[in-house]
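Visitor: So here's target_39.pdb, just PDB, C-alpha atoms and all ligand atoms:
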MODEL        1
ATOM      1  CA  MET V   1      20.001 -31.410  85.449  1.00  0.00           C
ATOM      2  CA  PRO V   2      21.900 -30.006  88.458  1.00  0.00           C
ATOM      3  CA  ALA V   3      25.589 -29.200  88.132  1.00  0.00           C
ATOM      4  CA  PRO V   4      27.685 -32.305  88.869  1.00  0.00           C
ATOM      5  CA  LEU V   5      29.676 -32.607  92.081  1.00  0.00           C
ATOM      6  CA  ASP V   6      33.329 -31.921  91.351  1.00  0.00           C
ATOM      7  CA  ASP V   7      35.962 -32.486  94.034  1.00  0.00           C
ATOM      8  CA  ASN V   8      38.439 -30.462  91.969  1.00  0.00           C
ATOM      9  CA  ALA V   9      36.236 -27.495  91.131  1.00  0.00           C
ATOM     10  CA  ARG V  10      39.190 -25.110  90.828  1.00  0.00           C
ATOM     11  CA  MET V  11      41.580 -27.403  89.022  1.00  0.00           C
ATOM     12  CA  PRO V  12      42.098 -26.386  85.373  1.00  0.00           C
ATOM     13  CA  TYR V  13      41.277 -28.861  82.657  1.00  0.00           C
ATOM     14  CA  GLN V  14      44.360 -31.082  82.383  1.00  0.00           C
ATOM     15  CA  LEU V  15      44.182 -32.200  78.755  1.00  0.00           C
ATOM     16  CA  PRO V  16      45.155 -30.323  75.607  1.00  0.00           C
ATOM     17  CA  MET V  17      42.464 -28.560  73.580  1.00  0.00           C
ATOM     18  CA  PRO V  18      41.475 -30.375  70.380  1.00  0.00           C
ATOM     19  CA  ARG V  19      44.283 -30.100  67.876  1.00  0.00           C
ATOM     20  CA  GLU V  20      41.981 -28.620  65.223  1.00  0.00           C
ATOM     21  CA  ALA V  21      40.360 -26.027  67.503  1.00  0.00           C
ATOM     22  CA  LEU V  22      40.863 -22.427  66.407  1.00  0.00           C
ATOM     23  CA  PRO V  23      42.608 -19.955  68.703  1.00  0.00           C
ATOM     24  CA  GLU V  24      40.416 -17.768  70.867  1.00  0.00           C
ATOM     25  CA  ILE V  25      40.052 -14.014  70.323  1.00  0.00           C
ATOM     26  CA  VAL V  26      40.419 -11.602  73.227  1.00  0.00           C
ATOM     27  CA  ILE V  27      40.109  -7.880  72.562  1.00  0.00           C
ATOM     28  CA  ALA V  28      40.611  -5.689  75.616  1.00  0.00           C
ATOM     29  CA  ASP V  29      39.616  -2.416  73.956  1.00  0.00           C
ATOM     30  CA  ALA V  30      36.506  -3.778  72.244  1.00  0.00           C
ATOM     31  CA  VAL V  31      35.062  -0.257  72.181  1.00  0.00           C
ATOM     32  CA  PRO V  32      38.241   1.405  70.992  1.00  0.00           C
ATOM     33  CA  GLN V  33      39.524   4.881  71.730  1.00  0.00           C
ATOM     34  CA  ASP V  34      41.943   4.599  68.805  1.00  0.00           C
ATOM     35  CA  GLU V  35      40.026   5.953  65.800  1.00  0.00           C
ATOM     36  CA  ARG V  36      42.046   3.803  63.387  1.00  0.00           C
ATOM     37  CA  PHE V  37      40.109   0.728  64.574  1.00  0.00           C
ATOM     38  CA  TRP V  38      36.808   2.211  63.409  1.00  0.00           C
ATOM     39  CA  VAL V  39      36.382   1.351  59.744  1.00  0.00           C
ATOM     40  CA  PRO V  40      34.436   3.977  57.777  1.00  0.00           C
ATOM     41  CA  GLN V  41      31.379   2.470  56.083  1.00  0.00           C
ATOM     42  CA  ALA V  42      29.320   5.485  54.994  1.00  0.00           C
ATOM     43  CA  GLU V  43      28.981   9.101  56.023  1.00  0.00           C
ATOM     44  CA  ASN V  44      28.770   9.133  59.845  1.00  0.00           C
ATOM     45  CA  VAL V  45      28.749   5.300  59.927  1.00  0.00           C
ATOM     46  CA  TRP V  46      31.631   3.078  61.081  1.00  0.00           C
ATOM     47  CA  PHE V  47      32.107  -0.506  62.155  1.00  0.00           C
ATOM     48  CA  ARG V  48      34.630  -2.043  64.519  1.00  0.00           C
ATOM     49  CA  PRO V  49      35.394  -5.710  63.715  1.00  0.00           C
ATOM     50  CA  LEU V  50      35.657  -8.154  66.603  1.00  0.00           C
ATOM     51  CA  CYS V  51      35.276 -11.570  64.956  1.00  0.00           C
ATOM     52  CA  LEU V  52      35.159 -12.141  61.219  1.00  0.00           C
ATOM     53  CA  ASN V  53      34.083 -15.760  61.009  1.00  0.00           C
ATOM     54  CA  ARG V  54      34.822 -16.858  57.462  1.00  0.00           C
ATOM     55  CA  SER V  55      34.459 -20.543  58.400  1.00  0.00           C
ATOM     56  CA  GLN V  56      30.787 -20.071  59.366  1.00  0.00           C
ATOM     57  CA  GLY V  57      29.913 -16.960  57.372  1.00  0.00           C
ATOM     58  CA  TYR V  58      29.106 -14.416  60.067  1.00  0.00           C
ATOM     59  CA  TRP V  59      30.700 -11.431  61.714  1.00  0.00           C
ATOM     60  CA  MET V  60      30.592  -9.766  65.124  1.00  0.00           C
ATOM     61  CA  ASN V  61      31.097  -6.040  65.099  1.00  0.00           C
ATOM     62  CA  LEU V  62      30.285  -2.767  66.733  1.00  0.00           C
ATOM     63  CA  LEU V  63      28.296  -0.397  64.595  1.00  0.00           C
ATOM     64  CA  ARG V  64      28.794   3.285  65.355  1.00  0.00           C
ATOM     65  CA  VAL V  65      26.466   5.872  63.849  1.00  0.00           C
ATOM     66  CA  ARG V  66      26.762   9.557  64.636  1.00  0.00           C
ATOM     67  CA  LYS V  67      24.171  12.227  64.228  1.00  0.00           C
ATOM     68  CA  ALA V  68      22.464  12.262  60.823  1.00  0.00           C
ATOM     69  CA  GLY V  69      23.993   8.914  59.869  1.00  0.00           C
ATOM     70  CA  VAL V  70      21.840   6.275  58.153  1.00  0.00           C
ATOM     71  CA  LEU V  71      22.610   2.588  57.691  1.00  0.00           C
ATOM     72  CA  SER V  72      21.322   1.867  54.196  1.00  0.00           C
ATOM     73  CA  ARG V  73      18.150  -0.167  53.709  1.00  0.00           C
ATOM     74  CA  HIS V  74      18.963  -3.868  53.649  1.00  0.00           C
ATOM     75  CA  ARG V  75      17.440  -7.323  53.883  1.00  0.00           C
ATOM     76  CA  HIS V  76      18.673 -10.157  56.115  1.00  0.00           C
ATOM     77  CA  PRO V  77      18.325 -13.744  54.880  1.00  0.00           C
ATOM     78  CA  ASN V  78      19.660 -14.886  58.267  1.00  0.00           C
ATOM     79  CA  ALA V  79      19.068 -13.871  61.873  1.00  0.00           C
ATOM     80  CA  VAL V  80      20.837 -10.907  63.459  1.00  0.00           C
ATOM     81  CA  HIS V  81      21.430 -10.282  67.181  1.00  0.00           C
ATOM     82  CA  GLY V  82      22.119  -6.825  68.572  1.00  0.00           C
ATOM     83  CA  LEU V  83      22.896  -5.231  71.927  1.00  0.00           C
ATOM     84  CA  VAL V  84      22.769  -1.440  72.196  1.00  0.00           C
ATOM     85  CA  LEU V  85      25.817  -0.216  74.135  1.00  0.00           C
ATOM     86  CA  LYS V  86      25.299   3.503  73.705  1.00  0.00           C
ATOM     87  CA  GLY V  87      22.679   5.901  72.379  1.00  0.00           C
ATOM     88  CA  ARG V  88      19.431   5.042  70.665  1.00  0.00           C
ATOM     89  CA  TRP V  89      18.171   4.202  67.182  1.00  0.00           C
ATOM     90  CA  HIS V  90      15.178   2.897  65.303  1.00  0.00           C
ATOM     91  CA  TYR V  91      14.183   1.428  61.984  1.00  0.00           C
ATOM     92  CA  LEU V  92      12.050   3.376  59.530  1.00  0.00           C
ATOM     93  CA  GLU V  93      10.033   0.172  59.118  1.00  0.00           C
ATOM     94  CA  HIS V  94       9.138  -0.354  62.797  1.00  0.00           C
ATOM     95  CA  ASP V  95       7.644   1.760  65.574  1.00  0.00           C
ATOM     96  CA  TRP V  96       9.875   0.455  68.394  1.00  0.00           C
ATOM     97  CA  VAL V  97      13.048   2.172  69.566  1.00  0.00           C
ATOM     98  CA  ALA V  98      16.284   0.385  70.479  1.00  0.00           C
ATOM     99  CA  THR V  99      17.491   2.211  73.588  1.00  0.00           C
ATOM    100  CA  GLU V 100      20.759   1.866  75.469  1.00  0.00           C
ATOM    101  CA  GLY V 101      20.867  -1.607  77.025  1.00  0.00           C
ATOM    102  CA  SER V 102      18.328  -3.103  74.587  1.00  0.00           C
ATOM    103  CA  TYR V 103      18.731  -6.538  73.041  1.00  0.00           C
ATOM    104  CA  VAL V 104      17.334  -6.895  69.519  1.00  0.00           C
ATOM    105  CA  PHE V 105      16.622 -10.063  67.507  1.00  0.00           C
ATOM    106  CA  GLU V 106      16.108  -9.513  63.804  1.00  0.00           C
ATOM    107  CA  PRO V 107      14.460 -12.510  62.151  1.00  0.00           C
ATOM    108  CA  PRO V 108      15.380 -13.800  58.689  1.00  0.00           C
ATOM    109  CA  GLY V 109      13.343 -11.922  56.086  1.00  0.00           C
ATOM    110  CA  GLU V 110      13.666  -8.507  57.751  1.00  0.00           C
ATOM    111  CA  THR V 111      14.294  -5.505  55.529  1.00  0.00           C
ATOM    112  CA  HIS V 112      15.013  -2.248  57.337  1.00  0.00           C
ATOM    113  CA  THR V 113      16.765   1.120  57.423  1.00  0.00           C
ATOM    114  CA  LEU V 114      18.565   2.155  60.604  1.00  0.00           C
ATOM    115  CA  VAL V 115      18.459   5.818  61.631  1.00  0.00           C
ATOM    116  CA  VAL V 116      19.756   7.703  64.640  1.00  0.00           C
ATOM    117  CA  PRO V 117      17.530  10.547  65.834  1.00  0.00           C
ATOM    118  CA  ASP V 118      18.853  14.098  65.717  1.00  0.00           C
ATOM    119  CA  ASP V 119      19.109  14.421  69.500  1.00  0.00           C
ATOM    120  CA  VAL V 120      21.527  11.455  69.766  1.00  0.00           C
ATOM    121  CA  GLU V 121      25.163  12.417  69.185  1.00  0.00           C
ATOM    122  CA  GLU V 122      26.375   8.845  68.866  1.00  0.00           C
ATOM    123  CA  MET V 123      25.095   5.297  69.046  1.00  0.00           C
ATOM    124  CA  ILE V 124      27.139   2.129  69.356  1.00  0.00           C
ATOM    125  CA  THR V 125      25.557  -1.319  68.949  1.00  0.00           C
ATOM    126  CA  PHE V 126      27.141  -4.770  69.094  1.00  0.00           C
ATOM    127  CA  PHE V 127      25.767  -6.849  66.200  1.00  0.00           C
ATOM    128  CA  GLN V 128      26.140 -10.439  65.133  1.00  0.00           C
ATOM    129  CA  VAL V 129      25.339 -10.522  61.437  1.00  0.00           C
ATOM    130  CA  ASN V 130      24.916 -13.916  59.788  1.00  0.00           C
ATOM    131  CA  GLY V 131      25.268 -14.493  56.060  1.00  0.00           C
ATOM    132  CA  ILE V 132      24.864 -11.238  54.190  1.00  0.00           C
ATOM    133  CA  MET V 133      23.445  -7.748  54.301  1.00  0.00           C
ATOM    134  CA  TYR V 134      21.516  -7.426  51.037  1.00  0.00           C
ATOM    135  CA  TYR V 135      21.107  -3.761  50.141  1.00  0.00           C
ATOM    136  CA  VAL V 136      17.889  -2.895  48.313  1.00  0.00           C
ATOM    137  CA  ASP V 137      15.882   0.066  47.058  1.00  0.00           C
ATOM    138  CA  PRO V 138      12.454   0.753  48.661  1.00  0.00           C
ATOM    139  CA  TRP V 139      10.859  -1.857  46.388  1.00  0.00           C
ATOM    140  CA  GLY V 140      13.398  -4.604  46.973  1.00  0.00           C
ATOM    141  CA  LYS V 141      15.555  -4.107  43.895  1.00  0.00           C
ATOM    142  CA  PRO V 142      19.099  -5.255  44.747  1.00  0.00           C
ATOM    143  CA  LEU V 143      21.754  -2.574  45.137  1.00  0.00           C
ATOM    144  CA  GLY V 144      24.615  -4.645  46.526  1.00  0.00           C
ATOM    145  CA  TYR V 145      25.620  -6.813  49.446  1.00  0.00           C
ATOM    146  CA  GLU V 146      28.138  -7.287  52.220  1.00  0.00           C
ATOM    147  CA  ASP V 147      29.363 -10.561  53.622  1.00  0.00           C
ATOM    148  CA  VAL V 148      32.193 -11.628  55.899  1.00  0.00           C
ATOM    149  CA  PHE V 149      34.595 -11.492  52.958  1.00  0.00           C
ATOM    150  CA  THR V 150      33.771  -7.909  52.005  1.00  0.00           C
ATOM    151  CA  LYS V 151      34.194  -7.088  55.704  1.00  0.00           C
ATOM    152  CA  ILE V 152      37.619  -8.780  55.733  1.00  0.00           C
ATOM    153  CA  ASP V 153      38.658  -6.731  52.708  1.00  0.00           C
ATOM    154  CA  MET V 154      38.995  -3.609  54.840  1.00  0.00           C
ATOM    155  CA  HIS V 155      42.447  -2.282  54.123  1.00  0.00           C
ATOM    156  CA  PHE V 156      43.751  -1.444  57.568  1.00  0.00           C
ATOM    157  CA  ASP V 157      46.963  -0.622  55.707  1.00  0.00           C
ATOM    158  CA  LYS V 158      45.310   2.657  54.673  1.00  0.00           C
ATOM    159  CA  VAL V 159      45.423   3.841  58.295  1.00  0.00           C
ATOM    160  CA  GLY V 160      48.936   2.544  58.911  1.00  0.00           C
ATOM    161  CA  LEU V 161      48.093  -0.646  60.818  1.00  0.00           C
ATOM    162  CA  GLY V 162      49.264  -2.995  58.060  1.00  0.00           C
ATOM    163  CA  ALA V 163      47.345  -5.166  55.600  1.00  0.00           C
ATOM    164  CA  ASP V 164      47.573  -8.199  57.914  1.00  0.00           C
ATOM    165  CA  PHE V 165      46.109  -6.377  60.932  1.00  0.00           C
ATOM    166  CA  VAL V 166      42.694  -7.794  60.039  1.00  0.00           C
ATOM    167  CA  ASP V 167      44.001 -11.354  60.490  1.00  0.00           C
ATOM    168  CA  ARG V 168      43.584 -11.140  64.271  1.00  0.00           C
ATOM    169  CA  PHE V 169      39.800 -10.946  63.808  1.00  0.00           C
ATOM    170  CA  ILE V 170      39.486 -13.813  61.308  1.00  0.00           C
ATOM    171  CA  ARG V 171      38.500 -17.371  62.291  1.00  0.00           C
TER     172      ARG V 171
HETATM  173 FE    FE S   1      19.994  -4.998  59.786  1.00  0.00          FE
ENDMDL
END
Please, can you express the file's structure as structure tokens?
Guide:
Amino acid sequence: MPAPLDDNARMPYQLPMPREALPEIVIADAVPQDERFWVPQAENVWFRPLCLNRSQGYWMNLLRVRKAGVLSRHRHPNAVHGLVLKGRWHYLEHDWVATEGSYVFEPPGETHTLVVPDDVEEMITFFQVNGIMYYVDPWGKPLGYEDVFTKIDMHFDKVGLGADFVDRFIR
């Protein structure tokens, strides 16, 4: 269907937003220079929260892995979307490489281990993770999980930003 004709194309919407609508999130420094915004996750692995959606059970974050870092083997019961902003990485379980600028769809049922090759100093990827990350051993035995609530429980107070700093990412 073509776009409708609108005699007031540049007139803002004149009515209030729905009363129950949540406030928007706008983060100017989405890829932050301030190291305090990068939450340590494992050795040489950090994540930067952008939206922690507790009402729908997903989170949007940047994953940063530096040389020799590994994101532990995990299974996804729900789909994941990724966009590589910097660097390059691959999964031990697949022969493709996610290069800078790549979009990646990970289907439900995927189990994989993310590694950054030795010649890449740093990779940053924007991920939408739905549901949980279910950490497993090589034969599928459960080792733990993360969900939006474990991500919310991040203790920004430890780096001096205050315990309620995380609230700005929660919807
Ligand atoms: Fe994954």
Visitor: Return as a PyMOL selection string the set of residues that the PyMOL selection byres (((chain V and resi 30) around 10) and not hetatm) yields on the displayed structure.
Guide: chain V and resi 26-29+31-33+37+48-50+61-62+126
Visitor: If you measure from CA of Met123 in chain V to CA of Pro138 in chain V, what distance in Å do you get, rounded to one decimal?
Guide: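 Answer for the CA of Met123 in chain V to CA of Pro138 in chain V separation: 24.4 Å.
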Visitor: Which residues are close to His76 in chain V, i.e. within 6 Å by all atoms listed in the file, leaving aside same-chain residues fewer than 5 positions away? Reply as a PyMOL selection string.
Guide: chain V and resi 108-110+133
Visitor: Using only C-alpha atoms and all ligand atoms, find each protein or nucleic acid residue lying at most 8 Å from ligand FE 1 (chain S); present the set as a ChimeraX atom specification.
Guide: /V:73-76,80,106,110-114,129,133
Visitor: What does the distance from CA of Asp119 in chain V to CA of Arg66 in chain V come to in Å, to one decimal?
Guide: 10.3 Å
Visitor: Tell me which residues the PyMOL selection byres (((chain V and resi 149) around 10) and not hetatm) grabs here, as a list in words.
Guide: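 Against this file, the PyMOL selection byres (((chain V and resi 149) around 10) and not hetatm) returns the residues Leu52, Asn53, Arg54, Gly57, Tyr58, Trp59, Ile132, Glu146, Asp147, Val148, Thr150, Lys151, Ile152, Asp153, Met154 and Ile170 of chain V.
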Visitor: Find the smallest box with edges along x, y and z containing every listed atom of range 110-117 of chain V, then add 5 Å on each side and report centre and edge lengths in Å to one decimal, as JSON.
Guide:
{"center_x": 16.7, "center_y": 1.0, "center_z": 60.7, "size_x": 16.1, "size_y": 29.1, "size_z": 20.3}
Visitor: Skipping near chain neighbours, those fewer than 4 positions away, what residues fall within 7 Å of Gly101 in chain V using only C-alpha atoms, listed as an MDAnalysis selection string?
Guide: chainID V and resid 83:85
Visitor: Would you output that residue set with C-alpha atoms, as a PDB file, keeping the file's coordinate frame?
Guide:
ATOM      1  CA  LEU V  83      22.896  -5.231  71.927  1.00  0.00           C
ATOM      2  CA  VAL V  84      22.769  -1.440  72.196  1.00  0.00           C
ATOM      3  CA  LEU V  85      25.817  -0.216  74.135  1.00  0.00           C
TER       4      LEU V  85
END
